[in-house]
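Source file final-v6.pdb; content: PDB, C-alpha atoms.
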```pdb
ATOM      1  CA  MET A   5      30.050 -49.517  -9.275  1.00  0.00           C
ATOM      2  CA  SER A   6      28.035 -47.436 -11.674  1.00  0.00           C
ATOM      3  CA  ILE A   7      24.963 -47.718  -9.446  1.00  0.00           C
ATOM      4  CA  GLN A   8      26.931 -46.501  -6.427  1.00  0.00           C
ATOM      5  CA  ASN A   9      28.291 -43.595  -8.473  1.00  0.00           C
ATOM      6  CA  ASP A  10      24.768 -42.719  -9.629  1.00  0.00           C
ATOM      7  CA  PHE A  11      23.538 -42.936  -6.047  1.00  0.00           C
ATOM      8  CA  ARG A  12      26.256 -40.540  -4.817  1.00  0.00           C
ATOM      9  CA  THR A  13      25.548 -38.163  -7.694  1.00  0.00           C
ATOM     10  CA  SER A  14      21.822 -38.106  -6.886  1.00  0.00           C
ATOM     11  CA  GLN A  15      22.578 -37.474  -3.214  1.00  0.00           C
ATOM     12  CA  ASN A  16      24.852 -34.572  -4.221  1.00  0.00           C
ATOM     13  CA  ASP A  17      22.144 -33.257  -6.557  1.00  0.00           C
ATOM     14  CA  LEU A  18      19.602 -33.438  -3.745  1.00  0.00           C
ATOM     15  CA  ARG A  19      21.940 -31.523  -1.452  1.00  0.00           C
ATOM     16  CA  THR A  20      22.563 -28.971  -4.184  1.00  0.00           C
ATOM     17  CA  ILE A  21      18.832 -28.549  -4.853  1.00  0.00           C
ATOM     18  CA  SER A  22      18.039 -28.251  -1.157  1.00  0.00           C
ATOM     19  CA  THR A  23      20.886 -25.748  -0.744  1.00  0.00           C
ATOM     20  CA  LEU A  24      19.623 -23.713  -3.686  1.00  0.00           C
ATOM     21  CA  LEU A  25      16.069 -23.824  -2.377  1.00  0.00           C
ATOM     22  CA  GLY A  26      17.261 -22.804   1.088  1.00  0.00           C
ATOM     23  CA  ASP A  27      19.271 -19.929  -0.390  1.00  0.00           C
ATOM     24  CA  ALA A  28      16.280 -18.805  -2.457  1.00  0.00           C
ATOM     25  CA  LEU A  29      14.013 -18.850   0.593  1.00  0.00           C
ATOM     26  CA  SER A  30      16.629 -16.993   2.617  1.00  0.00           C
ATOM     27  CA  GLN A  31      16.927 -14.325  -0.066  1.00  0.00           C
ATOM     28  CA  PHE A  32      13.148 -14.087  -0.281  1.00  0.00           C
ATOM     29  CA  ALA A  33      12.929 -13.560   3.491  1.00  0.00           C
ATOM     30  CA  LYS A  34      15.601 -10.859   3.283  1.00  0.00           C
ATOM     31  CA  LEU A  35      13.784  -9.236   0.375  1.00  0.00           C
ATOM     32  CA  PHE A  36      10.516  -9.326   2.284  1.00  0.00           C
ATOM     33  CA  GLN A  37      12.187  -7.697   5.310  1.00  0.00           C
ATOM     34  CA  ASN A  38      13.568  -4.969   3.037  1.00  0.00           C
ATOM     35  CA  GLU A  39      10.062  -4.380   1.699  1.00  0.00           C
ATOM     36  CA  VAL A  40       8.696  -4.100   5.224  1.00  0.00           C
ATOM     37  CA  ASP A  41      11.405  -1.558   6.043  1.00  0.00           C
ATOM     38  CA  LEU A  42      10.573   0.385   2.879  1.00  0.00           C
ATOM     39  CA  ALA A  43       6.869   0.357   3.752  1.00  0.00           C
ATOM     40  CA  LYS A  44       7.636   1.639   7.253  1.00  0.00           C
ATOM     41  CA  ALA A  45       9.766   4.453   5.873  1.00  0.00           C
ATOM     42  CA  GLU A  46       7.181   5.400   3.269  1.00  0.00           C
ATOM     43  CA  PHE A  47       4.377   5.253   5.821  1.00  0.00           C
ATOM     44  CA  GLY A  48       6.374   7.539   8.114  1.00  0.00           C
ATOM     45  CA  GLU A  49       6.801   9.982   5.242  1.00  0.00           C
ATOM     46  CA  LYS A  50       3.048   9.949   4.567  1.00  0.00           C
ATOM     47  CA  VAL A  51       2.304  10.541   8.257  1.00  0.00           C
ATOM     48  CA  GLN A  52       4.610  13.561   8.146  1.00  0.00           C
ATOM     49  CA  LYS A  53       2.707  14.879   5.120  1.00  0.00           C
ATOM     50  CA  VAL A  54      -0.608  14.493   6.945  1.00  0.00           C
ATOM     51  CA  GLY A  55       0.843  16.169  10.027  1.00  0.00           C
ATOM     52  CA  GLY A  56       2.140  19.041   7.920  1.00  0.00           C
ATOM     53  CA  ALA A  57      -1.224  19.469   6.218  1.00  0.00           C
ATOM     54  CA  LEU A  58      -3.022  19.474   9.571  1.00  0.00           C
ATOM     55  CA  LEU A  59      -0.554  22.051  10.872  1.00  0.00           C
ATOM     56  CA  PHE A  60      -1.348  24.269   7.883  1.00  0.00           C
ATOM     57  CA  ILE A  61      -5.080  23.905   8.485  1.00  0.00           C
ATOM     58  CA  GLY A  62      -4.755  24.552  12.212  1.00  0.00           C
ATOM     59  CA  GLY A  63      -2.313  27.401  11.743  1.00  0.00           C
ATOM     60  CA  ALA A  64      -4.538  29.011   9.164  1.00  0.00           C
ATOM     61  CA  ALA A  65      -7.563  28.713  11.447  1.00  0.00           C
ATOM     62  CA  VAL A  66      -5.787  30.133  14.481  1.00  0.00           C
ATOM     63  CA  LEU A  67      -3.878  32.932  12.779  1.00  0.00           C
ATOM     64  CA  VAL A  68      -6.448  34.085  10.295  1.00  0.00           C
ATOM     65  CA  ILE A  69      -9.420  34.428  12.655  1.00  0.00           C
ATOM     66  CA  PRO A  70      -8.359  37.637  14.434  1.00  0.00           C
ATOM     67  CA  ALA A  71      -7.057  39.165  11.225  1.00  0.00           C
ATOM     68  CA  LEU A  72     -10.247  38.326   9.370  1.00  0.00           C
ATOM     69  CA  VAL A  73     -12.457  39.701  12.129  1.00  0.00           C
ATOM     70  CA  MET A  74     -10.607  43.018  12.073  1.00  0.00           C
ATOM     71  CA  ALA A  75     -10.529  43.141   8.279  1.00  0.00           C
ATOM     72  CA  LEU A  76     -14.238  42.352   8.088  1.00  0.00           C
ATOM     73  CA  PHE A  77     -15.081  45.031  10.616  1.00  0.00           C
ATOM     74  CA  ALA A  78     -12.971  47.498   8.646  1.00  0.00           C
ATOM     75  CA  LEU A  79     -14.684  46.459   5.406  1.00  0.00           C
ATOM     76  CA  SER A  80     -18.105  46.826   7.015  1.00  0.00           C
ATOM     77  CA  ALA A  81     -17.171  50.237   8.449  1.00  0.00           C
ATOM     78  CA  ALA A  82     -15.939  51.391   5.047  1.00  0.00           C
ATOM     79  CA  MET A  83     -19.158  50.262   3.363  1.00  0.00           C
ATOM     80  CA  ILE A  84     -21.276  51.950   6.054  1.00  0.00           C
ATOM     81  CA  ALA A  85     -19.242  55.112   5.602  1.00  0.00           C
ATOM     82  CA  ALA A  86     -19.834  54.859   1.852  1.00  0.00           C
ATOM     83  CA  GLY A  87     -23.586  54.847   2.442  1.00  0.00           C
ATOM     84  CA  TRP A  88     -24.414  51.140   2.550  1.00  0.00           C
ATOM     85  CA  SER A  89     -26.869  49.929   5.143  1.00  0.00           C
ATOM     86  CA  GLN A  90     -25.426  48.205   8.191  1.00  0.00           C
ATOM     87  CA  PRO A  91     -27.020  44.774   7.540  1.00  0.00           C
ATOM     88  CA  LEU A  92     -25.932  44.753   3.900  1.00  0.00           C
ATOM     89  CA  SER A  93     -22.354  45.712   4.740  1.00  0.00           C
ATOM     90  CA  TYR A  94     -22.129  43.021   7.433  1.00  0.00           C
ATOM     91  CA  LEU A  95     -23.596  40.412   5.061  1.00  0.00           C
ATOM     92  CA  THR A  96     -21.056  41.344   2.391  1.00  0.00           C
ATOM     93  CA  SER A  97     -18.258  41.026   4.932  1.00  0.00           C
ATOM     94  CA  ALA A  98     -19.558  37.607   5.972  1.00  0.00           C
ATOM     95  CA  ILE A  99     -19.593  36.440   2.348  1.00  0.00           C
ATOM     96  CA  VAL A 100     -15.987  37.581   1.935  1.00  0.00           C
ATOM     97  CA  ALA A 101     -15.077  35.595   5.086  1.00  0.00           C
ATOM     98  CA  VAL A 102     -16.775  32.455   3.754  1.00  0.00           C
ATOM     99  CA  VAL A 103     -14.871  32.687   0.462  1.00  0.00           C
ATOM    100  CA  ILE A 104     -11.520  33.059   2.241  1.00  0.00           C
ATOM    101  CA  ALA A 105     -12.322  30.184   4.633  1.00  0.00           C
ATOM    102  CA  SER A 106     -13.352  27.986   1.700  1.00  0.00           C
ATOM    103  CA  VAL A 107     -10.049  28.606  -0.071  1.00  0.00           C
ATOM    104  CA  LEU A 108      -8.048  27.719   3.054  1.00  0.00           C
ATOM    105  CA  PHE A 109     -10.156  24.625   3.661  1.00  0.00           C
ATOM    106  CA  ALA A 110      -9.749  23.488   0.036  1.00  0.00           C
ATOM    107  CA  ILE A 111      -5.955  23.821   0.260  1.00  0.00           C
ATOM    108  CA  GLY A 112      -5.888  21.713   3.427  1.00  0.00           C
ATOM    109  CA  ILE A 113      -8.187  19.032   2.006  1.00  0.00           C
ATOM    110  CA  ASN A 114      -6.166  18.911  -1.209  1.00  0.00           C
ATOM    111  CA  ARG A 115      -3.052  18.121   0.811  1.00  0.00           C
ATOM    112  CA  LEU A 116      -4.929  15.255   2.492  1.00  0.00           C
ATOM    113  CA  ASP A 117      -5.967  13.688  -0.822  1.00  0.00           C
ATOM    114  CA  ALA A 118      -5.841   9.896  -0.483  1.00  0.00           C
ATOM    115  CA  ARG A 119      -4.021   9.518  -3.799  1.00  0.00           C
ATOM    116  CA  ASN A 120      -1.080  11.460  -2.327  1.00  0.00           C
ATOM    117  CA  LEU A 121      -1.001   9.153   0.705  1.00  0.00           C
ATOM    118  CA  VAL A 122      -0.778   5.813  -1.131  1.00  0.00           C
ATOM    119  CA  PRO A 123       2.682   4.219  -0.663  1.00  0.00           C
ATOM    120  CA  GLN A 124       3.469   4.119  -4.389  1.00  0.00           C
ATOM    121  CA  GLU A 125       7.111   3.045  -4.027  1.00  0.00           C
ATOM    122  CA  THR A 126       6.237   0.123  -1.763  1.00  0.00           C
ATOM    123  CA  ILE A 127       3.492  -1.078  -4.108  1.00  0.00           C
ATOM    124  CA  ARG A 128       5.813  -0.849  -7.113  1.00  0.00           C
ATOM    125  CA  GLN A 129       8.549  -2.749  -5.274  1.00  0.00           C
ATOM    126  CA  LEU A 130       6.129  -5.462  -4.107  1.00  0.00           C
ATOM    127  CA  GLU A 131       5.034  -5.997  -7.703  1.00  0.00           C
ATOM    128  CA  LYS A 132       8.684  -6.464  -8.710  1.00  0.00           C
ATOM    129  CA  ASP A 133       9.204  -8.883  -5.827  1.00  0.00           C
ATOM    130  CA  LYS A 134       6.138 -10.874  -6.833  1.00  0.00           C
ATOM    131  CA  ASP A 135       7.544 -11.236 -10.342  1.00  0.00           C
ATOM    132  CA  THR A 136      10.955 -12.214  -8.942  1.00  0.00           C
ATOM    133  CA  VAL A 137       9.465 -14.895  -6.701  1.00  0.00           C
ATOM    134  CA  LYS A 138       7.446 -16.240  -9.620  1.00  0.00           C
ATOM    135  CA  GLY A 139      10.702 -16.481 -11.609  1.00  0.00           C
ATOM    136  CA  ILE A 140      12.455 -18.310  -8.751  1.00  0.00           C
ATOM    137  CA  VAL A 141       9.609 -20.782  -8.319  1.00  0.00           C
ATOM    138  CA  ARG A 142       9.633 -21.691 -12.017  1.00  0.00           C
TER     139      ARG A 142
END
```

Can the structure in the file be given as structure tokens, please?
Amino acid sequence: MSIQNDFRTSQNDLRTISTLLGDALSQFAKLFQNEVDLAKAEFGEKVQKVGGALLFIGGAAVLVIPALVMALFALSAAMIAAGWSQPLSYLTSAIVAVVIASVLFAIGINRLDARNLVPQETIRQLEKDKDTVKGIVR
């Protein structure tokens, strides 16, 4: 009778272990799906940041060109009126335009920095999940 009791107990233990393993795998699958959803959301946020940065760059290029042309002509005219030679005044105006364009370009590139686009939250969460799975497997 003791052997039959031991046999039933081992069968129950096997069912319990398989149930626990099944539950653990089910929870892992759910966790993985949550991580995928988080990655999608974070990726969407990063795409919005890139789109916003490109809008700033494009907007700056489109809106500043006419204003800069007029301002540069006015600067050149003022320098010519002050006694500067025409070529020197136009060159000075061109240098001013290059400096302004460089500043705008640098702002746009800074917003596109790859470090700002890395999905930090997803990476951090995946590291936690990896540690959790390691704990479950032990």

> Taking all atoms listed in the file into account, which of A:Ala101, A:Val122, A:Ile111, A:Leu24 comes nearest A:Leu58?
Replying inline: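 When distances to A:Leu58 are compared using all atoms listed in the file, the smallest one comes from A:Ile111.
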
>> When you look at A:Arg115 with a cut-off of 9 Å (counting all atoms listed in the file), what residues show up, excluding the ones that are within fewer than 5 positions of it in the same chain? I need them as a PyMOL selection string.
In response: chain A and resi 53-54+56-58+110+120

> Which one is closest to A:Ala65: A:Gly139, A:Gly87, A:Gly48, A:Gly112? Count only C-alpha atoms.
Replying inline: A:Gly112

>> Which residues are near stretch 37-42 of chain A? Cut-off 9 Å, all atoms listed in the file, ignore same chain within fewer than 3 positions. Put them as number ranges by chain.
In response: A: 32-34, 45-47, 125-126, 129-130, 133

> For A:Ser80, which of A:Ala64, A:Val103, A:Ala98, A:Ser22 is the closest residue, counting all atoms listed in the file?
Replying inline: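 Looking at the shortest contact to A:Ser80, the residue is A:Ala98.
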
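Atom to atom, atom CA of A:Pro70 and atom CA of A:Ile99 stand 16.5 Å apart.
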
> Expressed in Å to a single decimal, how great is the separation between atom CA of A:Ile69 and atom CA of A:Ala105?
Replying inline: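 Taking atom CA of A:Ile69 and atom CA of A:Ala105, their separation equals 9.5 Å.
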
>> My list of candidates is A:Gln124, A:Val107, A:Lys132, A:Thr96. Which is closest to A:Glu49 when distances are computed with all atoms listed in the file?
In response: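 Among A:Gln124, A:Val107, A:Lys132, A:Thr96, it is A:Gln124 that comes nearest to A:Glu49.
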
> So how far away is atom CA of A:Phe60 from atom CA of A:Tyr94, in Å?
Replying inline: 28.0 Å

> A:Leu25, A:Ala43, A:Ser93, A:Lys50: which is nearest A:Leu76, counting all atoms listed in the file?
Replying inline: A:Ser93

Would you give the centre and edge lengths, in Å to one decimal, of a box along x, y and z around the listed atoms of stretch 57-74 of chain A, with 3 Å added to each side, as AutoDock Vina command-line options?
```
--center_x -6.5 --center_y 31.2 --center_z 10.3 --size_x 17.9 --size_y 29.5 --size_z 14.3
```

> With distances taken over only C-alpha atoms, which of A:Ile104, A:Ile127, A:Leu29, A:Leu116 is nearest to A:Val68?
Replying inline: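 Nearest to A:Val68: A:Ile104.
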